[in-house]
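Q: Sending over query_27.cif (mmCIF, N, CA, C and O atoms).
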data_upload
#
loop_
_atom_site.label_atom_id
_atom_site.label_comp_id
_atom_site.auth_asym_id
_atom_site.auth_seq_id
_atom_site.Cartn_x
_atom_site.Cartn_y
_atom_site.Cartn_z
N MET A 1 -36.72 11.03 3.18
CA MET A 1 -35.82 12.12 3.44
C MET A 1 -34.43 11.55 3.72
O MET A 1 -34.27 10.61 4.50
N ALA A 2 -33.41 12.12 3.09
CA ALA A 2 -32.04 11.65 3.26
C ALA A 2 -31.48 12.12 4.60
O ALA A 2 -31.81 13.20 5.08
N LYS A 3 -30.64 11.29 5.17
CA LYS A 3 -30.00 11.67 6.42
C LYS A 3 -28.94 12.73 6.17
O LYS A 3 -28.39 12.82 5.08
N ALA A 4 -28.65 13.51 7.17
CA ALA A 4 -27.62 14.54 7.05
C ALA A 4 -26.25 13.89 6.93
O ALA A 4 -26.02 12.79 7.45
N ALA A 5 -25.33 14.54 6.22
CA ALA A 5 -23.97 14.01 6.07
C ALA A 5 -23.29 13.93 7.43
O ALA A 5 -23.49 14.78 8.28
N ARG A 6 -22.51 12.88 7.62
CA ARG A 6 -21.80 12.69 8.88
C ARG A 6 -20.30 12.78 8.60
O ARG A 6 -19.68 11.80 8.18
N PRO A 7 -19.69 13.94 8.81
CA PRO A 7 -18.28 14.13 8.46
C PRO A 7 -17.33 13.17 9.17
O PRO A 7 -16.27 12.87 8.66
N GLU A 8 -17.70 12.67 10.34
CA GLU A 8 -16.82 11.74 11.03
C GLU A 8 -16.76 10.39 10.34
O GLU A 8 -15.88 9.58 10.61
N ARG A 9 -17.68 10.12 9.43
CA ARG A 9 -17.70 8.85 8.70
C ARG A 9 -17.04 8.95 7.34
O ARG A 9 -16.97 7.96 6.61
N ILE A 10 -16.54 10.12 6.97
CA ILE A 10 -15.88 10.31 5.68
C ILE A 10 -14.40 10.01 5.84
O ILE A 10 -13.76 10.50 6.76
N ASP A 11 -13.86 9.19 4.96
CA ASP A 11 -12.45 8.80 5.04
C ASP A 11 -11.56 10.01 4.74
O ASP A 11 -11.56 10.52 3.62
N PRO A 12 -10.78 10.49 5.71
CA PRO A 12 -9.95 11.67 5.48
C PRO A 12 -8.75 11.39 4.58
O PRO A 12 -8.11 12.31 4.10
N HIS A 13 -8.46 10.12 4.35
CA HIS A 13 -7.29 9.76 3.54
C HIS A 13 -7.65 9.48 2.08
O HIS A 13 -6.79 9.09 1.31
N TRP A 14 -8.90 9.64 1.72
CA TRP A 14 -9.31 9.40 0.35
C TRP A 14 -8.66 10.47 -0.53
O TRP A 14 -8.77 11.65 -0.24
N PRO A 15 -7.95 10.08 -1.58
CA PRO A 15 -7.21 11.06 -2.39
C PRO A 15 -8.11 12.04 -3.13
O PRO A 15 -9.22 11.70 -3.52
N VAL A 16 -7.61 13.24 -3.30
CA VAL A 16 -8.31 14.27 -4.05
C VAL A 16 -7.77 14.23 -5.48
O VAL A 16 -6.56 14.26 -5.69
N VAL A 17 -8.66 14.12 -6.45
CA VAL A 17 -8.25 14.03 -7.86
C VAL A 17 -8.85 15.19 -8.65
O VAL A 17 -9.85 15.78 -8.23
N PRO A 18 -8.25 15.53 -9.79
CA PRO A 18 -8.80 16.62 -10.61
C PRO A 18 -10.24 16.31 -11.07
O PRO A 18 -10.65 15.15 -11.14
N GLU A 19 -10.97 17.36 -11.40
CA GLU A 19 -12.35 17.22 -11.86
C GLU A 19 -12.42 16.30 -13.07
O GLU A 19 -11.66 16.43 -14.02
N GLY A 20 -13.31 15.34 -13.06
CA GLY A 20 -13.49 14.42 -14.17
C GLY A 20 -12.63 13.17 -14.08
O GLY A 20 -12.80 12.24 -14.85
N GLU A 21 -11.69 13.11 -13.13
CA GLU A 21 -10.83 11.94 -12.95
C GLU A 21 -11.43 11.05 -11.87
O GLU A 21 -12.31 11.46 -11.12
N HIS A 22 -10.92 9.83 -11.79
CA HIS A 22 -11.40 8.88 -10.79
C HIS A 22 -10.23 8.29 -10.04
O HIS A 22 -9.16 8.08 -10.61
N VAL A 23 -10.44 8.00 -8.78
CA VAL A 23 -9.43 7.32 -7.99
C VAL A 23 -9.36 5.88 -8.47
O VAL A 23 -10.39 5.24 -8.67
N VAL A 24 -8.16 5.37 -8.68
CA VAL A 24 -8.02 3.99 -9.14
C VAL A 24 -8.42 3.05 -8.01
O VAL A 24 -7.98 3.21 -6.88
N SER A 25 -9.26 2.13 -8.32
CA SER A 25 -9.68 1.12 -7.35
C SER A 25 -9.77 -0.20 -8.07
O SER A 25 -9.51 -0.30 -9.26
N GLU A 26 -10.13 -1.23 -7.34
CA GLU A 26 -10.23 -2.53 -7.99
C GLU A 26 -11.37 -2.56 -9.01
O GLU A 26 -11.42 -3.43 -9.86
N LEU A 27 -12.28 -1.58 -8.94
CA LEU A 27 -13.35 -1.53 -9.94
C LEU A 27 -12.80 -1.11 -11.30
O LEU A 27 -13.36 -1.44 -12.33
N ALA A 28 -11.70 -0.34 -11.31
CA ALA A 28 -11.12 0.13 -12.56
C ALA A 28 -9.88 -0.67 -12.93
O ALA A 28 -9.13 -0.30 -13.82
N SER A 29 -9.65 -1.77 -12.26
CA SER A 29 -8.45 -2.57 -12.47
C SER A 29 -8.73 -3.76 -13.37
O SER A 29 -9.86 -4.14 -13.60
N ASP A 30 -7.64 -4.34 -13.87
CA ASP A 30 -7.79 -5.53 -14.70
C ASP A 30 -7.74 -6.82 -13.86
O ASP A 30 -7.84 -7.91 -14.38
N SER A 31 -7.57 -6.67 -12.52
CA SER A 31 -7.57 -7.83 -11.65
C SER A 31 -8.28 -7.50 -10.34
O SER A 31 -8.45 -6.34 -10.00
N GLN A 32 -8.69 -8.53 -9.62
CA GLN A 32 -9.41 -8.33 -8.37
C GLN A 32 -8.43 -8.10 -7.23
O GLN A 32 -7.26 -8.45 -7.31
N GLY A 33 -8.91 -7.52 -6.16
CA GLY A 33 -8.13 -7.35 -4.96
C GLY A 33 -7.43 -6.01 -4.90
O GLY A 33 -7.52 -5.19 -5.80
N ALA A 34 -6.72 -5.80 -3.81
CA ALA A 34 -6.02 -4.54 -3.60
C ALA A 34 -4.86 -4.41 -4.58
O ALA A 34 -4.23 -5.39 -4.97
N GLN A 35 -4.58 -3.17 -4.98
CA GLN A 35 -3.48 -2.90 -5.88
C GLN A 35 -2.16 -2.93 -5.10
O GLN A 35 -2.11 -2.60 -3.94
N SER A 36 -1.09 -3.29 -5.77
CA SER A 36 0.20 -3.41 -5.11
C SER A 36 0.80 -2.05 -4.81
O SER A 36 0.90 -1.20 -5.69
N PRO A 37 1.24 -1.82 -3.58
CA PRO A 37 1.91 -0.56 -3.27
C PRO A 37 3.32 -0.52 -3.84
O PRO A 37 3.98 0.50 -3.80
N PHE A 38 3.81 -1.65 -4.40
CA PHE A 38 5.16 -1.73 -4.94
C PHE A 38 5.21 -1.46 -6.44
O PHE A 38 6.26 -1.53 -7.04
N GLY A 39 4.07 -1.18 -7.06
CA GLY A 39 4.06 -0.97 -8.51
C GLY A 39 4.05 -2.31 -9.21
O GLY A 39 3.51 -3.29 -8.72
N VAL A 40 4.68 -2.36 -10.38
CA VAL A 40 4.72 -3.60 -11.15
C VAL A 40 5.98 -4.36 -10.76
O VAL A 40 7.06 -4.14 -11.30
N VAL A 41 5.85 -5.24 -9.79
CA VAL A 41 6.96 -6.06 -9.31
C VAL A 41 6.46 -7.49 -9.22
O VAL A 41 5.37 -7.75 -8.73
N THR A 42 7.27 -8.42 -9.70
CA THR A 42 6.91 -9.83 -9.63
C THR A 42 7.54 -10.43 -8.38
O THR A 42 8.74 -10.30 -8.16
N PHE A 43 6.72 -11.05 -7.57
CA PHE A 43 7.21 -11.70 -6.36
C PHE A 43 7.17 -13.20 -6.54
O PHE A 43 6.35 -13.71 -7.28
N PRO A 44 8.02 -13.96 -5.91
CA PRO A 44 9.07 -13.55 -4.99
C PRO A 44 10.27 -13.01 -5.73
O PRO A 44 10.53 -13.38 -6.88
N LEU A 45 11.01 -12.10 -5.06
CA LEU A 45 12.22 -11.53 -5.63
C LEU A 45 13.38 -12.52 -5.50
O LEU A 45 13.40 -13.36 -4.60
N ALA A 46 14.37 -12.37 -6.37
CA ALA A 46 15.57 -13.18 -6.26
C ALA A 46 16.34 -12.73 -5.02
O ALA A 46 16.30 -11.55 -4.64
N ALA A 47 17.07 -13.63 -4.38
CA ALA A 47 17.80 -13.30 -3.16
C ALA A 47 18.82 -12.19 -3.40
O ALA A 47 19.09 -11.38 -2.52
N GLU A 48 19.39 -12.11 -4.60
CA GLU A 48 20.38 -11.07 -4.91
C GLU A 48 19.76 -9.68 -4.95
O GLU A 48 20.44 -8.68 -4.79
N ASP A 49 18.46 -9.59 -5.18
CA ASP A 49 17.77 -8.30 -5.30
C ASP A 49 17.24 -7.77 -3.97
O ASP A 49 16.74 -6.66 -3.92
N LEU A 50 17.35 -8.56 -2.91
CA LEU A 50 16.82 -8.14 -1.61
C LEU A 50 17.83 -7.26 -0.88
O LEU A 50 19.01 -7.58 -0.84
N PRO A 51 17.37 -6.16 -0.29
CA PRO A 51 18.27 -5.28 0.45
C PRO A 51 18.44 -5.72 1.91
O PRO A 51 18.37 -4.94 2.83
N TYR A 52 18.69 -6.99 2.12
CA TYR A 52 18.77 -7.55 3.47
C TYR A 52 20.20 -7.95 3.79
O TYR A 52 20.85 -8.60 2.98
N ARG A 53 20.69 -7.55 4.96
CA ARG A 53 21.98 -8.02 5.46
C ARG A 53 21.73 -8.72 6.77
O ARG A 53 21.16 -8.13 7.70
N HIS A 54 22.16 -9.96 6.88
CA HIS A 54 21.93 -10.73 8.09
C HIS A 54 22.77 -10.15 9.23
O HIS A 54 23.96 -9.88 9.04
N PRO A 55 22.17 -9.92 10.40
CA PRO A 55 22.94 -9.37 11.51
C PRO A 55 23.98 -10.36 12.04
O PRO A 55 23.75 -11.56 12.05
N VAL A 56 25.11 -9.82 12.45
CA VAL A 56 26.19 -10.64 13.00
C VAL A 56 26.48 -10.13 14.41
O VAL A 56 26.68 -8.94 14.61
N THR A 57 26.49 -11.04 15.34
CA THR A 57 26.77 -10.67 16.74
C THR A 57 28.27 -10.76 16.98
O THR A 57 28.90 -11.77 16.72
N GLU A 58 28.85 -9.63 17.46
CA GLU A 58 30.26 -9.62 17.83
C GLU A 58 30.35 -9.62 19.35
O GLU A 58 29.87 -8.71 20.01
N ILE A 59 30.97 -10.66 19.90
CA ILE A 59 31.05 -10.79 21.35
C ILE A 59 32.23 -9.98 21.87
O ILE A 59 33.35 -10.10 21.38
N ASN A 60 31.96 -9.11 22.84
CA ASN A 60 33.01 -8.32 23.45
C ASN A 60 33.74 -9.15 24.50
O ASN A 60 33.13 -9.68 25.42
N ARG A 61 35.07 -9.26 24.37
CA ARG A 61 35.85 -10.02 25.36
C ARG A 61 36.94 -9.17 25.89
O ARG A 61 37.53 -8.38 25.31
#
Just give me the structure as structure tokens.

A:
Amino acid sequence: MAKAARPERIDPHWPVVPEGEHVVSELASDSQGAQSPFGVVTFPLAAEDLPYRHPVTEINR
């Protein structure tokens, strides 16, 4: 006999997809591991492409 469903064990963040579709996972991927949240981006990025500005301390006198 199967155990009753336990709603507290169901992942609430699992995406809802149309009927007949599947959520993309590493099982449907061409490579192992988690998929990149950045899309198709090659790392490391060039320094010119980074949105980083080094902080500068201005001393009040």

Q: What separation in Å, quoted to one decimal, exists between atom CA of Leu50 of chain A and atom CA of Phe38 of chain A?

A: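 A separation of 13.7 Å between them.
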
Q: Please indicate the distance in Å from atom N of Glu19 of chain A to atom O of Pro7 of chain A, rounded to one decimal place.

A: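 That distance, rounded to one decimal, is 21.2 Å.
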
Q: What does the distance between atom CA of Glu8 of chain A and atom N of Val23 of chain A come to in Å, to one decimal place?

A: 21.1 Å
